[in-house]
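Colleague: Here you go, work.cif (mmCIF, C-alpha atoms):
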data_start
#
loop_
_atom_site.label_atom_id
_atom_site.label_comp_id
_atom_site.auth_asym_id
_atom_site.auth_seq_id
_atom_site.Cartn_x
_atom_site.Cartn_y
_atom_site.Cartn_z
CA MET I 725 202.85 56.52 96.74
CA TYR I 726 202.85 54.77 100.09
CA GLY I 727 199.97 54.42 102.52
CA LEU I 728 199.20 53.17 105.98
CA ILE I 729 195.93 52.31 107.67
CA GLY I 730 196.16 51.52 111.36
CA ARG I 731 194.25 51.34 114.59
CA MET I 732 195.82 52.60 117.81
CA ARG I 733 194.45 51.75 121.24
CA VAL I 734 194.89 54.34 123.97
CA GLN I 735 194.74 54.27 127.74
CA PRO I 736 191.12 54.54 128.96
CA GLY I 737 189.78 58.06 128.67
CA ARG I 738 192.89 59.48 126.96
CA ARG I 739 191.72 59.47 123.37
CA ASP I 740 191.21 63.23 123.04
CA ALA I 741 194.67 63.85 124.50
CA VAL I 742 196.29 61.52 121.97
CA ILE I 743 194.31 63.01 119.09
CA ALA I 744 195.51 66.48 120.08
CA ILE I 745 199.12 65.30 119.94
CA LEU I 746 198.70 63.45 116.65
CA THR I 747 197.01 66.30 114.81
CA ARG I 748 199.26 69.11 116.11
CA ASP I 749 201.83 69.05 113.31
CA ALA I 750 200.00 66.93 110.76
CA ALA I 751 200.47 69.36 107.86
CA ALA I 752 204.17 69.98 108.37
CA MET I 753 205.64 66.68 107.20
CA PRO I 754 207.55 66.69 103.89
CA GLY I 755 206.06 64.25 101.40
CA CYS I 756 202.85 63.80 103.40
CA LEU I 757 199.85 63.84 101.07
CA SER I 758 197.20 62.87 103.61
CA TYR I 759 197.22 62.20 107.35
CA ILE I 760 193.77 61.81 108.83
CA VAL I 761 193.02 60.98 112.44
CA ALA I 762 189.62 59.48 113.28
CA LYS I 763 187.79 58.21 116.32
CA ASP I 764 186.58 54.62 116.26
CA PRO I 765 182.82 54.98 116.89
CA ALA I 766 182.67 51.40 118.17
CA ASP I 767 185.48 51.71 120.75
CA PRO I 768 185.95 54.84 122.89
CA ASP I 769 189.62 54.01 123.36
CA SER I 770 190.60 53.45 119.73
CA ILE I 771 191.84 55.78 117.00
CA TRP I 772 192.20 55.15 113.28
CA ILE I 773 195.04 56.79 111.42
CA THR I 774 195.09 56.75 107.61
CA GLU I 775 198.14 58.10 105.81
CA ALA I 776 199.34 58.72 102.25
CA TRP I 777 202.90 59.70 101.39
CA ASP I 778 204.69 60.40 98.14
CA SER I 779 207.05 57.53 99.00
CA ALA I 780 207.89 55.05 101.75
CA GLU I 781 211.14 56.97 102.20
CA SER I 782 209.25 60.16 103.07
CA HIS I 783 207.26 58.23 105.66
CA ARG I 784 210.41 56.79 107.20
CA ALA I 785 212.10 60.20 107.21
CA SER I 786 209.09 61.75 108.96
CA LEU I 787 209.69 59.56 111.99
CA LYS I 788 212.99 61.38 112.54
CA LEU I 789 211.56 64.91 112.44
CA PRO I 790 212.02 66.69 115.79
CA SER I 791 208.29 67.50 115.93
CA VAL I 792 207.38 63.85 115.34
CA GLN I 793 209.97 62.59 117.82
CA ALA I 794 208.49 64.97 120.42
CA ALA I 795 204.95 63.80 119.64
CA ILE I 796 205.97 60.15 119.94
CA ALA I 797 207.62 60.79 123.32
CA GLU I 798 204.57 62.67 124.55
CA ALA I 799 202.02 60.14 123.30
CA ARG I 800 203.85 56.94 124.25
CA PRO I 801 202.61 56.75 127.89
CA LEU I 802 199.02 57.21 126.65
CA ILE I 803 199.18 54.41 124.08
CA ALA I 804 197.90 51.00 125.15
CA GLY I 805 198.74 49.14 121.95
CA PHE I 806 197.97 48.73 118.29
CA GLY I 807 195.32 46.87 116.35
CA GLU I 808 194.94 46.32 112.63
CA ARG I 809 197.72 47.64 110.40
CA PHE I 810 197.64 47.62 106.61
CA GLU I 811 200.18 49.00 104.16
CA THR I 812 198.71 50.35 100.94
CA GLU I 813 199.79 51.87 97.64
CA PRO I 814 197.56 54.90 97.03
CA VAL I 815 196.99 55.60 93.36
CA GLY I 816 194.55 58.49 93.24
CA GLY I 817 191.35 60.07 94.38
CA HIS I 818 190.43 63.26 96.15
CA GLY I 819 192.30 64.87 99.06
CA LEU I 820 195.89 63.98 98.21
CA VAL I 821 197.59 67.31 98.82
CA LYS I 822 201.14 68.42 99.35
CA GLY I 823 202.00 69.82 102.75
CA PRO I 824 203.70 73.19 103.20
CA ALA I 825 207.22 71.79 103.43
CA MET W 856 182.58 64.01 110.09
CA TYR W 857 182.03 60.49 108.84
CA GLY W 858 184.62 58.07 107.53
CA LEU W 859 184.88 54.68 105.91
CA ILE W 860 187.81 52.31 105.50
CA GLY W 861 187.17 49.28 103.34
CA ARG W 862 188.77 46.61 101.25
CA MET W 863 187.23 45.59 97.93
CA ARG W 864 188.16 42.39 96.11
CA VAL W 865 188.01 42.46 92.34
CA GLN W 866 187.87 39.79 89.65
CA PRO W 867 191.37 38.48 88.85
CA GLY W 868 193.35 40.94 86.75
CA ARG W 869 190.69 43.67 86.79
CA ARG W 870 192.12 45.91 89.49
CA ASP W 871 193.32 48.70 87.21
CA ALA W 872 189.94 48.78 85.48
CA VAL W 873 188.10 49.15 88.79
CA ILE W 874 190.53 51.80 90.02
CA ALA W 875 189.93 53.81 86.84
CA ILE W 876 186.18 53.72 87.47
CA LEU W 877 186.49 54.57 91.17
CA THR W 878 188.79 57.55 90.69
CA ARG W 879 187.03 59.05 87.68
CA ASP W 880 184.69 61.39 89.56
CA ALA W 881 186.28 61.31 92.99
CA ALA W 882 186.48 65.08 93.38
CA ALA W 883 182.94 65.86 92.33
CA MET W 884 180.96 64.59 95.32
CA PRO W 885 179.34 67.21 97.60
CA GLY W 886 180.53 66.89 101.18
CA CYS W 887 183.43 64.63 100.27
CA LEU W 888 186.58 65.69 102.16
CA SER W 889 188.80 62.78 101.15
CA TYR W 890 188.39 59.77 98.88
CA ILE W 891 191.59 57.85 98.32
CA VAL W 892 191.90 54.65 96.32
CA ALA W 893 194.91 52.41 97.00
CA LYS W 894 196.24 49.09 95.80
CA ASP W 895 196.76 46.38 98.37
CA PRO W 896 200.47 45.52 97.94
CA ALA W 897 199.86 42.08 99.47
CA ASP W 898 196.98 41.05 97.17
CA PRO W 899 196.94 41.90 93.44
CA ASP W 900 193.15 41.65 93.39
CA SER W 901 192.37 43.92 96.35
CA ILE W 902 191.78 47.66 96.64
CA TRP W 903 191.60 49.81 99.76
CA ILE W 904 189.24 52.77 99.79
CA THR W 905 189.45 55.35 102.56
CA GLU W 906 186.85 58.08 102.74
CA ALA W 907 186.05 61.16 104.82
CA TRP W 908 182.79 63.09 104.52
CA ASP W 909 181.41 66.14 106.28
CA SER W 910 178.50 63.96 107.43
CA ALA W 911 177.03 60.48 107.07
CA GLU W 912 174.16 62.13 105.20
CA SER W 913 176.53 63.44 102.52
CA HIS W 914 177.94 59.95 102.09
CA ARG W 915 174.47 58.45 101.73
CA ALA W 916 173.45 61.17 99.28
CA SER W 917 176.55 60.53 97.16
CA LEU W 918 175.32 57.02 96.40
CA LYS W 919 172.39 58.54 94.53
CA LEU W 920 174.45 60.84 92.29
CA PRO W 921 174.07 59.91 88.60
CA SER W 922 177.87 59.71 88.22
CA VAL W 923 178.14 57.37 91.20
CA GLN W 924 175.20 55.24 90.06
CA ALA W 925 176.88 54.89 86.68
CA ALA W 926 180.19 53.95 88.29
CA ILE W 927 178.51 51.34 90.48
CA ALA W 928 176.77 49.79 87.48
CA GLU W 929 180.01 49.73 85.52
CA ALA W 930 182.12 48.32 88.34
CA ARG W 931 179.68 45.74 89.69
CA PRO W 932 180.60 42.90 87.27
CA LEU W 933 184.28 43.41 88.11
CA ILE W 934 183.82 43.22 91.89
CA ALA W 935 184.37 39.84 93.53
CA GLY W 936 183.43 40.86 97.06
CA PHE W 937 184.38 42.92 100.06
CA GLY W 938 186.77 42.44 102.94
CA GLU W 939 187.32 44.51 106.06
CA ARG W 940 185.01 47.48 106.56
CA PHE W 941 185.36 50.04 109.34
CA GLU W 942 183.30 53.14 109.99
CA THR W 943 185.22 56.02 111.53
CA GLU W 944 184.69 59.54 112.82
CA PRO W 945 187.48 61.69 111.36
CA VAL W 946 188.44 64.59 113.59
CA GLY W 947 191.35 66.29 111.87
CA GLY W 948 194.70 66.03 110.23
CA HIS W 949 196.05 66.92 106.81
CA GLY W 950 194.32 66.42 103.47
CA LEU W 951 190.70 67.02 104.42
CA VAL W 952 189.59 69.28 101.58
CA LYS W 953 186.27 70.36 100.17
CA GLY W 954 185.42 69.20 96.69
CA PRO W 955 184.36 71.59 93.94
CA ALA W 956 180.63 71.12 94.48
#
Kindly return the structure encoded in the file as structure tokens.

Modeller:
Amino acid sequence: MYGLIGRMRVQPGRRDAVIAILTRDAAAMPGCLSYIVAKDPADPDSIWITEAWDSAESHRASLKLPSVQAAIAEARPLIAGFGERFETEPVGGHGLVKGPA
Amino acid sequence: MYGLIGRMRVQPGRRDAVIAILTRDAAAMPGCLSYIVAKDPADPDSIWITEAWDSAESHRASLKLPSVQAAIAEARPLIAGFGERFETEPVGGHGLVKGPA
């Protein structure tokens, strides 16, 4: 498995707009086992994204999906930057579920 | 919702043992929507744990479950310390699922 933990910083006041874009097609990515979007309670302009994939290849392939390309294009002007970023190797637990595709 | 992202450091060579303890009862915690244990690919003695709960109260209550108390007692001698720790407020995505209880 392949995982990512990352913090995204958004333009002031645009967090809900970015969250709406990020969560729109979250279940429709082949190989995605978990994709959870969270607000940072300590920073009104930061979002945490935690991801688990069956492989790094599935994650890379997801970035080429038309729905993801459209989301990236839509979100880009609202993104101010990125903070922490950690790659992980998920091994188990609760909530790792296959998507519909 | 309530979330946690944290890094745990284990005694040298004991990562698989700690992972086995942490994942044993992962699905059996009331209010737990996601509990994923991951290896840190950059540090053989570090584990990432990402959690999502229906509320902070459910998370607090989980720490008193007999199964969790037993896991904590068993894992404690194998834990070297803790690294990054971030509280989050999950809002949506894929892989947020109710446990059996």

Colleague: Over all C-alpha pairs taken in sequence order, what does chain I look like after a least-squares fit onto chain W? Please give it as a PDB file with C-alpha atoms, in the coordinates of the input.

Modeller:
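Final file, selection_26.pdb:
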ATOM      1  CA  MET I 725     182.602  64.019 110.076  1.00  0.00           C
ATOM      2  CA  TYR I 726     182.035  60.495 108.832  1.00  0.00           C
ATOM      3  CA  GLY I 727     184.616  58.062 107.514  1.00  0.00           C
ATOM      4  CA  LEU I 728     184.888  54.676 105.905  1.00  0.00           C
ATOM      5  CA  ILE I 729     187.812  52.315 105.501  1.00  0.00           C
ATOM      6  CA  GLY I 730     187.171  49.281 103.338  1.00  0.00           C
ATOM      7  CA  ARG I 731     188.774  46.600 101.250  1.00  0.00           C
ATOM      8  CA  MET I 732     187.230  45.584  97.933  1.00  0.00           C
ATOM      9  CA  ARG I 733     188.166  42.392  96.117  1.00  0.00           C
ATOM     10  CA  VAL I 734     188.010  42.445  92.332  1.00  0.00           C
ATOM     11  CA  GLN I 735     187.868  39.796  89.647  1.00  0.00           C
ATOM     12  CA  PRO I 736     191.377  38.491  88.840  1.00  0.00           C
ATOM     13  CA  GLY I 737     193.358  40.935  86.749  1.00  0.00           C
ATOM     14  CA  ARG I 738     190.695  43.677  86.797  1.00  0.00           C
ATOM     15  CA  ARG I 739     192.103  45.904  89.502  1.00  0.00           C
ATOM     16  CA  ASP I 740     193.318  48.697  87.215  1.00  0.00           C
ATOM     17  CA  ALA I 741     189.933  48.776  85.476  1.00  0.00           C
ATOM     18  CA  VAL I 742     188.102  49.149  88.788  1.00  0.00           C
ATOM     19  CA  ILE I 743     190.528  51.804  90.013  1.00  0.00           C
ATOM     20  CA  ALA I 744     189.916  53.806  86.838  1.00  0.00           C
ATOM     21  CA  ILE I 745     186.170  53.729  87.480  1.00  0.00           C
ATOM     22  CA  LEU I 746     186.484  54.585  91.166  1.00  0.00           C
ATOM     23  CA  THR I 747     188.798  57.548  90.685  1.00  0.00           C
ATOM     24  CA  ARG I 748     187.013  59.064  87.658  1.00  0.00           C
ATOM     25  CA  ASP I 749     184.688  61.402  89.548  1.00  0.00           C
ATOM     26  CA  ALA I 750     186.279  61.305  92.984  1.00  0.00           C
ATOM     27  CA  ALA I 751     186.477  65.089  93.402  1.00  0.00           C
ATOM     28  CA  ALA I 752     182.926  65.859  92.337  1.00  0.00           C
ATOM     29  CA  MET I 753     180.965  64.590  95.331  1.00  0.00           C
ATOM     30  CA  PRO I 754     179.337  67.205  97.593  1.00  0.00           C
ATOM     31  CA  GLY I 755     180.532  66.903 101.178  1.00  0.00           C
ATOM     32  CA  CYS I 756     183.450  64.631 100.265  1.00  0.00           C
ATOM     33  CA  LEU I 757     186.569  65.698 102.153  1.00  0.00           C
ATOM     34  CA  SER I 758     188.803  62.793 101.161  1.00  0.00           C
ATOM     35  CA  TYR I 759     188.386  59.771  98.895  1.00  0.00           C
ATOM     36  CA  ILE I 760     191.588  57.853  98.337  1.00  0.00           C
ATOM     37  CA  VAL I 761     191.907  54.666  96.331  1.00  0.00           C
ATOM     38  CA  ALA I 762     194.903  52.407  96.992  1.00  0.00           C
ATOM     39  CA  LYS I 763     196.241  49.099  95.780  1.00  0.00           C
ATOM     40  CA  ASP I 764     196.772  46.376  98.360  1.00  0.00           C
ATOM     41  CA  PRO I 765     200.478  45.511  97.932  1.00  0.00           C
ATOM     42  CA  ALA I 766     199.875  42.076  99.453  1.00  0.00           C
ATOM     43  CA  ASP I 767     196.988  41.052  97.158  1.00  0.00           C
ATOM     44  CA  PRO I 768     196.945  41.895  93.432  1.00  0.00           C
ATOM     45  CA  ASP I 769     193.161  41.660  93.387  1.00  0.00           C
ATOM     46  CA  SER I 770     192.363  43.919  96.339  1.00  0.00           C
ATOM     47  CA  ILE I 771     191.775  47.658  96.645  1.00  0.00           C
ATOM     48  CA  TRP I 772     191.579  49.815  99.755  1.00  0.00           C
ATOM     49  CA  ILE I 773     189.232  52.765  99.782  1.00  0.00           C
ATOM     50  CA  THR I 774     189.455  55.345 102.578  1.00  0.00           C
ATOM     51  CA  GLU I 775     186.844  58.088 102.744  1.00  0.00           C
ATOM     52  CA  ALA I 776     186.043  61.175 104.824  1.00  0.00           C
ATOM     53  CA  TRP I 777     182.796  63.108 104.520  1.00  0.00           C
ATOM     54  CA  ASP I 778     181.407  66.149 106.277  1.00  0.00           C
ATOM     55  CA  SER I 779     178.504  63.963 107.435  1.00  0.00           C
ATOM     56  CA  ALA I 780     177.024  60.486 107.064  1.00  0.00           C
ATOM     57  CA  GLU I 781     174.158  62.135 105.188  1.00  0.00           C
ATOM     58  CA  SER I 782     176.532  63.453 102.518  1.00  0.00           C
ATOM     59  CA  HIS I 783     177.939  59.956 102.096  1.00  0.00           C
ATOM     60  CA  ARG I 784     174.474  58.464 101.726  1.00  0.00           C
ATOM     61  CA  ALA I 785     173.443  61.181  99.269  1.00  0.00           C
ATOM     62  CA  SER I 786     176.550  60.533  97.160  1.00  0.00           C
ATOM     63  CA  LEU I 787     175.338  57.026  96.404  1.00  0.00           C
ATOM     64  CA  LYS I 788     172.396  58.545  94.521  1.00  0.00           C
ATOM     65  CA  LEU I 789     174.453  60.850  92.291  1.00  0.00           C
ATOM     66  CA  PRO I 790     174.084  59.910  88.606  1.00  0.00           C
ATOM     67  CA  SER I 791     177.879  59.704  88.225  1.00  0.00           C
ATOM     68  CA  VAL I 792     178.144  57.355  91.210  1.00  0.00           C
ATOM     69  CA  GLN I 793     175.192  55.247  90.075  1.00  0.00           C
ATOM     70  CA  ALA I 794     176.890  54.887  86.668  1.00  0.00           C
ATOM     71  CA  ALA I 795     180.202  53.941  88.293  1.00  0.00           C
ATOM     72  CA  ILE I 796     178.510  51.339  90.490  1.00  0.00           C
ATOM     73  CA  ALA I 797     176.763  49.790  87.472  1.00  0.00           C
ATOM     74  CA  GLU I 798     180.008  49.723  85.519  1.00  0.00           C
ATOM     75  CA  ALA I 799     182.135  48.316  88.341  1.00  0.00           C
ATOM     76  CA  ARG I 800     179.684  45.739  89.698  1.00  0.00           C
ATOM     77  CA  PRO I 801     180.598  42.894  87.269  1.00  0.00           C
ATOM     78  CA  LEU I 802     184.292  43.407  88.121  1.00  0.00           C
ATOM     79  CA  ILE I 803     183.810  43.206  91.889  1.00  0.00           C
ATOM     80  CA  ALA I 804     184.360  39.828  93.530  1.00  0.00           C
ATOM     81  CA  GLY I 805     183.430  40.847  97.065  1.00  0.00           C
ATOM     82  CA  PHE I 806     184.377  42.912 100.065  1.00  0.00           C
ATOM     83  CA  GLY I 807     186.776  42.432 102.939  1.00  0.00           C
ATOM     84  CA  GLU I 808     187.320  44.509 106.049  1.00  0.00           C
ATOM     85  CA  ARG I 809     185.000  47.475 106.568  1.00  0.00           C
ATOM     86  CA  PHE I 810     185.352  50.031 109.346  1.00  0.00           C
ATOM     87  CA  GLU I 811     183.295  53.145 110.001  1.00  0.00           C
ATOM     88  CA  THR I 812     185.220  56.027 111.531  1.00  0.00           C
ATOM     89  CA  GLU I 813     184.682  59.552 112.817  1.00  0.00           C
ATOM     90  CA  PRO I 814     187.469  61.704 111.358  1.00  0.00           C
ATOM     91  CA  VAL I 815     188.425  64.597 113.593  1.00  0.00           C
ATOM     92  CA  GLY I 816     191.356  66.278 111.888  1.00  0.00           C
ATOM     93  CA  GLY I 817     194.699  66.031 110.216  1.00  0.00           C
ATOM     94  CA  HIS I 818     196.057  66.914 106.820  1.00  0.00           C
ATOM     95  CA  GLY I 819     194.306  66.412 103.467  1.00  0.00           C
ATOM     96  CA  LEU I 820     190.686  67.021 104.429  1.00  0.00           C
ATOM     97  CA  VAL I 821     189.586  69.274 101.590  1.00  0.00           C
ATOM     98  CA  LYS I 822     186.271  70.350 100.187  1.00  0.00           C
ATOM     99  CA  GLY I 823     185.436  69.180  96.695  1.00  0.00           C
ATOM    100  CA  PRO I 824     184.355  71.571  93.945  1.00  0.00           C
ATOM    101  CA  ALA I 825     180.630  71.069  94.474  1.00  0.00           C
TER     102      ALA I 825
END

Colleague: Would you mind listing, for every residue of range 873-931 of chain W within 12 Å of range 739-761 of chain I, the two atoms forming the shortest contact and the distance between them in Å to one decimal, using all atoms listed in the file, sorted by chain and ascending residue number, as a Markdown table?

Modeller:
| residue | atom | partner | partner_atom | distance |
| --- | --- | --- | --- | --- |
| W:Leu888 | CA | I:Ile760 | CA | 10.5 |
| W:Ser889 | CA | I:Ser758 | CA | 8.8 |
| W:Tyr890 | CA | I:Ser758 | CA | 10.5 |
| W:Ile891 | CA | I:Ser758 | CA | 9.2 |
| W:Thr905 | CA | I:Ile760 | CA | 10.0 |
| W:Glu906 | CA | I:Ile760 | CA | 9.9 |
| W:Ala907 | CA | I:Ile760 | CA | 8.7 |
| W:Trp908 | CA | I:Ile760 | CA | 11.9 |

Colleague: How many Å lie between CA of Ile771 in chain I and CA of Pro945 in chain W, rounded to one decimal?

Modeller: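 Going from CA of Ile771 in chain I over to CA of Pro945 in chain W covers 9.3 Å.
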
Colleague: Between CA of Lys763 in chain I and CA of Val946 in chain W, what is the spacing in Å?

Modeller: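 Separation between CA of Val946 in chain W and CA of Lys763 in chain I: 7.0 Å.
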
Colleague: Exactly which residues make up the result of the PyMOL selection byres ((chain I and resi 735) around 7) on this file, given as an mmCIF file with C-alpha atoms, in the frame of the given file?

Modeller:
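Below you can see part34.cif, which holds the result:
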data_model
loop_
_atom_site.group_PDB
_atom_site.id
_atom_site.type_symbol
_atom_site.label_atom_id
_atom_site.label_comp_id
_atom_site.auth_asym_id
_atom_site.auth_seq_id
_atom_site.Cartn_x
_atom_site.Cartn_y
_atom_site.Cartn_z
ATOM 1 C CA ARG I 733 194.450 51.750 121.240
ATOM 2 C CA VAL I 734 194.890 54.340 123.970
ATOM 3 C CA PRO I 736 191.120 54.540 128.960
ATOM 4 C CA GLY I 737 189.780 58.060 128.670
ATOM 5 C CA ARG I 738 192.890 59.480 126.960
ATOM 6 C CA ASP I 769 189.620 54.010 123.360
ATOM 7 C CA LEU I 802 199.020 57.210 126.650
ATOM 8 C CA ILE I 803 199.180 54.410 124.080
ATOM 9 C CA ALA I 804 197.900 51.000 125.150
#

Colleague: Taking only C-alpha atoms into account, which of I:Ser770, I:Ser779, I:Ser791, I:Ser786 comes nearest chain W?

Modeller: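 Selected residue with least distance to chain W: I:Ser770.
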
Colleague: I'd like to know which of W:Pro921, W:Pro932, W:Gly861, W:Pro896 is closest to chain I, using all atoms listed in the file.

Modeller: W:Pro896

Colleague: Measure the distance from CA of Gly817 in chain I to CA of Leu789 in chain I in Å and round it to one decimal.

Modeller: 27.5 Å

Colleague: On this file, the PyMOL selection byres ((chain W and resi 952) around 6) gives some set of residues; write that set as a list of chain:residue names.

Modeller: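 Selected by the PyMOL selection byres ((chain W and resi 952) around 6) in this file: I:Gly819, W:Leu888, W:Gly950, W:Leu951, W:Lys953.
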
Colleague: Taking all atoms listed in the file into account, name the residue in W:Leu918, W:Ala893, W:Tyr857, W:Met863 that is nearest to Glu813 in chain I.

Modeller: W:Ala893

Colleague: In terms of the shortest atom-to-atom distance over only C-alpha atoms, which of W:Lys919, W:Glu912, W:Gly938, W:Thr943 is closest to Asp895 in chain W?

Modeller: W:Gly938

Colleague: For chain I, which residue out of W:Gln924, W:Arg862, W:Ser913, W:Trp903 is the nearest one, using all atoms listed in the file?

Modeller: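 Among W:Gln924, W:Arg862, W:Ser913, W:Trp903, it is W:Trp903 that comes nearest to chain I.
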
Colleague: Nearest residue to His949 in chain W out of I:His783, I:Met725, I:Ala766, I:Ile773, using all atoms listed in the file?

Modeller: I:Ile773
